[in-house]
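Note sheet for the following structure.
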Amino acid sequence: MEGSNTTLVTDFILLGLTDDPLLQLPLFVLFLLAYCISMVGNAGIILLTKISPRLHTPMYFLLRNLSFVDLCYPACATPNMLANLLSDRNAISFLGCALQMFLFLGFGSAETLLLAVMAYDRYAAICKPLLYHTILTERNYKSLTAGSYLIGLLNAMVLTCLTFTLHFCGSNINHFFCDGPTLFTISCSNTFLNEVLSATVGGIVLVGSLLVIVITYMHIVAALFRIHSTKGRHRAFSTCSSHFLVVTLYYGTIMFTYLRPKSSYSLEHDKVVAVFYSVIIPLLNPLIYSLRNQEVKLALREVMTRSCLHV
């Protein structure tokens, strides 16, 4: 079938967010600013949780890894988007496109799993406080974190292989980075099986992680109702409210993009949603965890005070 009608695609053209010259420069400035704030915020969380003894706990070890992921996966897509807003033609090689998709999906999948591990950490802290340090030993939480990266990268490898075994009839990708659903639209192969397998493999990781989060939060809510002290209930609620907000934002956008029927795809809408989870959410995460977390505020104050005393 592909014999005479298919040419070998050696590179792709990323069409980006918009070709309207009146929008390109303002969007470039806006997203560059957001990207820089995101990088500084997440790097700041990593540094603070590393140097502050107050934050040497399983919860903040997991938060440090979440910030690391939020540094990595936006870096796979956002620079392409920024370059595209300033240039007429943004080419990426076939292998470069595959690598970009692999890394983006790998770190994105790792984030979904890390959020599930963080939910389990909150469950242990609120529902099993006396056994917390027995359940979340250093070996256990580091193993869970390593497992999140490993499963995330394996998931990305499978999804990338399923996509790049296809034959492509075109080279113009109507997106600002290489993404499975968009690449399916320029393939001249029958993509039905690839799409089903991609949705199944990706769905197992995504839905499995979400199921863990839902179950743990059901236990957490039940535990909150058993706390008779208003102060104690408020303190317990504040420890998981930031995580719950991050989960809601992240999973809502990811599920909208990857777990809906093909008939409802809108490439323009997908690009807007992709901006949200590749730029906005990594920007919001450090703000949510720092502005709503008293321990982070106290740790930052202590570090700044020590720095001033040493000057």
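Residues in the structure tokens are named by chain (A, B, ... in the order shown) and by number from 1 within that chain; ligands are numbered from 1 in the order shown.
For A:Arg233, the set of protein, DNA and RNA residues having any atom at most 12 Å away, when counting only C-alpha atoms and skipping those fewer than 3 positions along the same chain, is Ile126, Ile220, Val221, Ala222, Ala223, Leu224, Phe225, Arg226, Ile227, His228, Ser229, Thr230, Ala236, Phe237, Ser238, Thr239, Cys240 and Ser241 of chain A.
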For the selection you just gave me, I'd like the residues written to a file as a short mmCIF file (atom, residue, chain, number, x, y, z; two decimals), in the first residue's frame, keeping all heavy atoms.
data_model
loop_
_atom_site.label_atom_id
_atom_site.label_comp_id
_atom_site.auth_asym_id
_atom_site.auth_seq_id
_atom_site.Cartn_x
_atom_site.Cartn_y
_atom_site.Cartn_z
N ILE A 126 -2.02 10.94 57.53
CA ILE A 126 -3.29 11.32 58.17
C ILE A 126 -4.03 10.11 58.75
O ILE A 126 -4.59 10.19 59.85
CB ILE A 126 -4.18 12.06 57.14
CG1 ILE A 126 -3.53 13.40 56.77
CG2 ILE A 126 -5.58 12.29 57.69
CD1 ILE A 126 -4.21 14.14 55.65
N ILE A 220 -8.75 9.43 53.36
CA ILE A 220 -8.38 10.68 54.01
C ILE A 220 -9.61 11.46 54.45
O ILE A 220 -9.68 11.97 55.59
CB ILE A 220 -7.49 11.54 53.07
CG1 ILE A 220 -6.11 10.91 52.93
CG2 ILE A 220 -7.37 12.97 53.60
CD1 ILE A 220 -5.24 11.54 51.85
N VAL A 221 -10.60 11.58 53.57
CA VAL A 221 -11.84 12.30 53.91
C VAL A 221 -12.53 11.63 55.08
O VAL A 221 -13.02 12.30 56.02
CB VAL A 221 -12.78 12.37 52.68
CG1 VAL A 221 -14.15 12.90 53.08
CG2 VAL A 221 -12.17 13.26 51.60
N ALA A 222 -12.60 10.29 55.08
CA ALA A 222 -13.22 9.56 56.19
C ALA A 222 -12.47 9.83 57.49
O ALA A 222 -13.08 10.02 58.55
CB ALA A 222 -13.23 8.06 55.88
N ALA A 223 -11.13 9.89 57.41
CA ALA A 223 -10.32 10.17 58.60
C ALA A 223 -10.55 11.59 59.11
O ALA A 223 -10.57 11.83 60.32
CB ALA A 223 -8.84 9.94 58.30
N LEU A 224 -10.72 12.54 58.18
CA LEU A 224 -10.96 13.93 58.57
C LEU A 224 -12.25 14.07 59.37
O LEU A 224 -12.32 14.84 60.34
CB LEU A 224 -11.01 14.83 57.33
CG LEU A 224 -9.68 15.08 56.60
CD1 LEU A 224 -9.90 15.90 55.34
CD2 LEU A 224 -8.68 15.78 57.51
N PHE A 225 -13.27 13.32 58.98
CA PHE A 225 -14.55 13.39 59.70
C PHE A 225 -14.46 12.76 61.09
O PHE A 225 -15.28 13.07 61.96
CB PHE A 225 -15.65 12.69 58.89
CG PHE A 225 -16.21 13.53 57.78
CD1 PHE A 225 -15.99 13.19 56.45
CD2 PHE A 225 -16.93 14.68 58.06
CE1 PHE A 225 -16.49 13.98 55.43
CE2 PHE A 225 -17.44 15.48 57.05
CZ PHE A 225 -17.22 15.12 55.72
N ARG A 226 -13.46 11.91 61.29
CA ARG A 226 -13.30 11.29 62.61
C ARG A 226 -12.50 12.17 63.57
O ARG A 226 -12.41 11.88 64.76
CB ARG A 226 -12.61 9.92 62.47
CG ARG A 226 -13.47 8.87 61.80
CD ARG A 226 -12.91 7.48 62.04
NE ARG A 226 -11.60 7.30 61.42
CZ ARG A 226 -11.41 6.83 60.19
NH1 ARG A 226 -12.47 6.50 59.43
NH2 ARG A 226 -10.20 6.70 59.69
N ILE A 227 -11.90 13.25 63.03
CA ILE A 227 -11.15 14.17 63.88
C ILE A 227 -12.13 15.16 64.51
O ILE A 227 -12.81 15.92 63.81
CB ILE A 227 -10.07 14.92 63.07
CG1 ILE A 227 -9.06 13.94 62.49
CG2 ILE A 227 -9.36 15.95 63.95
CD1 ILE A 227 -8.04 14.59 61.55
N HIS A 228 -12.23 15.16 65.83
CA HIS A 228 -13.22 16.01 66.51
C HIS A 228 -12.73 17.45 66.69
O HIS A 228 -13.54 18.38 66.73
CB HIS A 228 -13.58 15.41 67.87
CG HIS A 228 -14.17 14.03 67.78
ND1 HIS A 228 -15.39 13.79 67.18
CD2 HIS A 228 -13.69 12.82 68.17
CE1 HIS A 228 -15.66 12.49 67.22
NE2 HIS A 228 -14.64 11.88 67.82
N SER A 229 -11.42 17.63 66.79
CA SER A 229 -10.87 18.97 66.98
C SER A 229 -10.89 19.74 65.65
O SER A 229 -10.41 19.24 64.63
CB SER A 229 -9.43 18.86 67.50
OG SER A 229 -8.76 20.08 67.33
N THR A 230 -11.46 20.95 65.70
CA THR A 230 -11.50 21.78 64.49
C THR A 230 -10.10 22.15 64.03
O THR A 230 -9.78 22.14 62.83
CB THR A 230 -12.30 23.08 64.75
OG1 THR A 230 -13.60 22.74 65.22
CG2 THR A 230 -12.42 23.91 63.50
N ALA A 236 -4.92 18.86 59.29
CA ALA A 236 -4.86 17.69 58.42
C ALA A 236 -5.29 18.04 57.00
O ALA A 236 -4.69 17.58 56.02
CB ALA A 236 -5.75 16.58 58.99
N PHE A 237 -6.33 18.86 56.89
CA PHE A 237 -6.81 19.26 55.56
C PHE A 237 -5.77 20.08 54.82
O PHE A 237 -5.58 19.90 53.61
CB PHE A 237 -8.11 20.06 55.71
CG PHE A 237 -8.63 20.59 54.40
CD1 PHE A 237 -9.30 19.76 53.51
CD2 PHE A 237 -8.43 21.92 54.05
CE1 PHE A 237 -9.77 20.25 52.30
CE2 PHE A 237 -8.90 22.42 52.84
CZ PHE A 237 -9.57 21.58 51.97
N SER A 238 -5.08 20.97 55.54
CA SER A 238 -4.09 21.84 54.89
C SER A 238 -2.91 21.05 54.35
O SER A 238 -2.27 21.48 53.39
CB SER A 238 -3.60 22.91 55.87
OG SER A 238 -2.86 22.32 56.92
N THR A 239 -2.61 19.88 54.94
CA THR A 239 -1.48 19.09 54.47
C THR A 239 -1.74 18.42 53.12
O THR A 239 -0.79 18.05 52.42
CB THR A 239 -1.10 17.99 55.49
OG1 THR A 239 -2.18 17.07 55.60
CG2 THR A 239 -0.77 18.58 56.84
N CYS A 240 -3.02 18.25 52.77
CA CYS A 240 -3.30 17.58 51.49
C CYS A 240 -4.04 18.46 50.49
O CYS A 240 -4.27 18.05 49.35
CB CYS A 240 -4.09 16.28 51.72
SG CYS A 240 -5.64 16.49 52.60
N SER A 241 -4.43 19.68 50.89
CA SER A 241 -5.19 20.55 49.98
C SER A 241 -4.36 20.97 48.77
O SER A 241 -4.87 21.03 47.64
CB SER A 241 -5.72 21.78 50.73
OG SER A 241 -4.64 22.53 51.28
#
| request: Excluding A:Cys97 and residues on its chain fewer than 3 positions from it, collect all residues at most 10 Å away from it, counting only C-alpha atoms, and give them as number ranges by chain. | output: A: 11-14, 91-94, 100-102, 160, 164, 177-179
With distances taken over only C-alpha atoms, the candidate from A:Leu62, A:Val117, A:Leu166, A:Leu99 nearest A:Cys188 is A:Leu166
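Take atom CA of A:Asn42 and atom CA of A:Glu111: the distance between them is 13.6 Å.
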List every residue of stretch 105-199 of chain A that DSSP, applied to the backbone of this structure, places in helix (DSSP H, G or I), and write the result as a PyMOL selection string.
-> chain A and resi 105-127+129-135+138-164+180-184+192-199
Shortest contact to A:Ile51, candidates A:Leu25, A:Val201, A:Leu8, A:Ala299, atoms counted only C-alpha atoms, goes to A:Ala299
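Relative to atom CA of A:Gly147, atom CA of A:Gly208 is found at 14.1 Å.
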Any chance you could tabulate, as JSON lines, the residues of stretch 160-236 of chain A at most 12 Å from stretch 84-87 of chain A with each one's nearest atom pair and distance in Å to one decimal, using only C-alpha atoms, in chain and rising number order?
{"residue": "A:Asn174", "atom": "CA", "partner": "A:Asn84", "partner_atom": "CA", "distance": 11.7}
{"residue": "A:His175", "atom": "CA", "partner": "A:Asn84", "partner_atom": "CA", "distance": 10.1}
{"residue": "A:Phe176", "atom": "CA", "partner": "A:Asn84", "partner_atom": "CA", "distance": 7.3}
{"residue": "A:Phe177", "atom": "CA", "partner": "A:Asn84", "partner_atom": "CA", "distance": 10.0}
Q. Restricting the calculation to only C-alpha atoms, which member of A:Val214, A:Val303, A:Ala83, A:Val279 is positioned closest to A:Tyr35?
A.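 So, comparing all the options, the nearest one is A:Val279.
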To one decimal in Å, tell me the separation between atom CA of A:Ile46 and atom CA of A:Thr248.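 Between atom CA of A:Ile46 and atom CA of A:Thr248 the gap is 22.5 Å.
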If DSSP is run on the backbone, what residues of stretch 56-191 of chain A are strand (DSSP E or B)? A reply as a PDB file with C-alpha atoms, in the first residue's frame would be ideal.
ATOM      1  CA  ASN A  90      10.656  25.184  12.744  1.00  0.00           C
ATOM      2  CA  ALA A  91      12.021  21.842  11.552  1.00  0.00           C
ATOM      3  CA  ILE A  92      12.792  18.848  13.730  1.00  0.00           C
ATOM      4  CA  SER A  93      14.424  15.626  12.573  1.00  0.00           C
ATOM      5  CA  PHE A 168       3.834   9.227   7.409  1.00  0.00           C
ATOM      6  CA  ASN A 172       3.617  19.279   8.828  1.00  0.00           C
ATOM      7  CA  ILE A 173       2.707  18.730  12.499  1.00  0.00           C
ATOM      8  CA  SER A 187       0.030   9.012   8.964  1.00  0.00           C
TER       9      SER A 187
END
For A:Asn194, which residue among A:Gly152, A:Leu206, A:Val212, A:Leu162 is the nearest when counting only C-alpha atoms?
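Using only C-alpha atoms, the shortest distance to A:Asn194 belongs to A:Leu162.
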Selection near stretch 249-254 of chain A, 12 Å with only C-alpha atoms, sequence-local residues under 4 positions removed, as a PyMOL selection string
chain A and resi 70+105+108-109+111-116+202-203+205-211+213-214+242-245+258-260+269-285+288
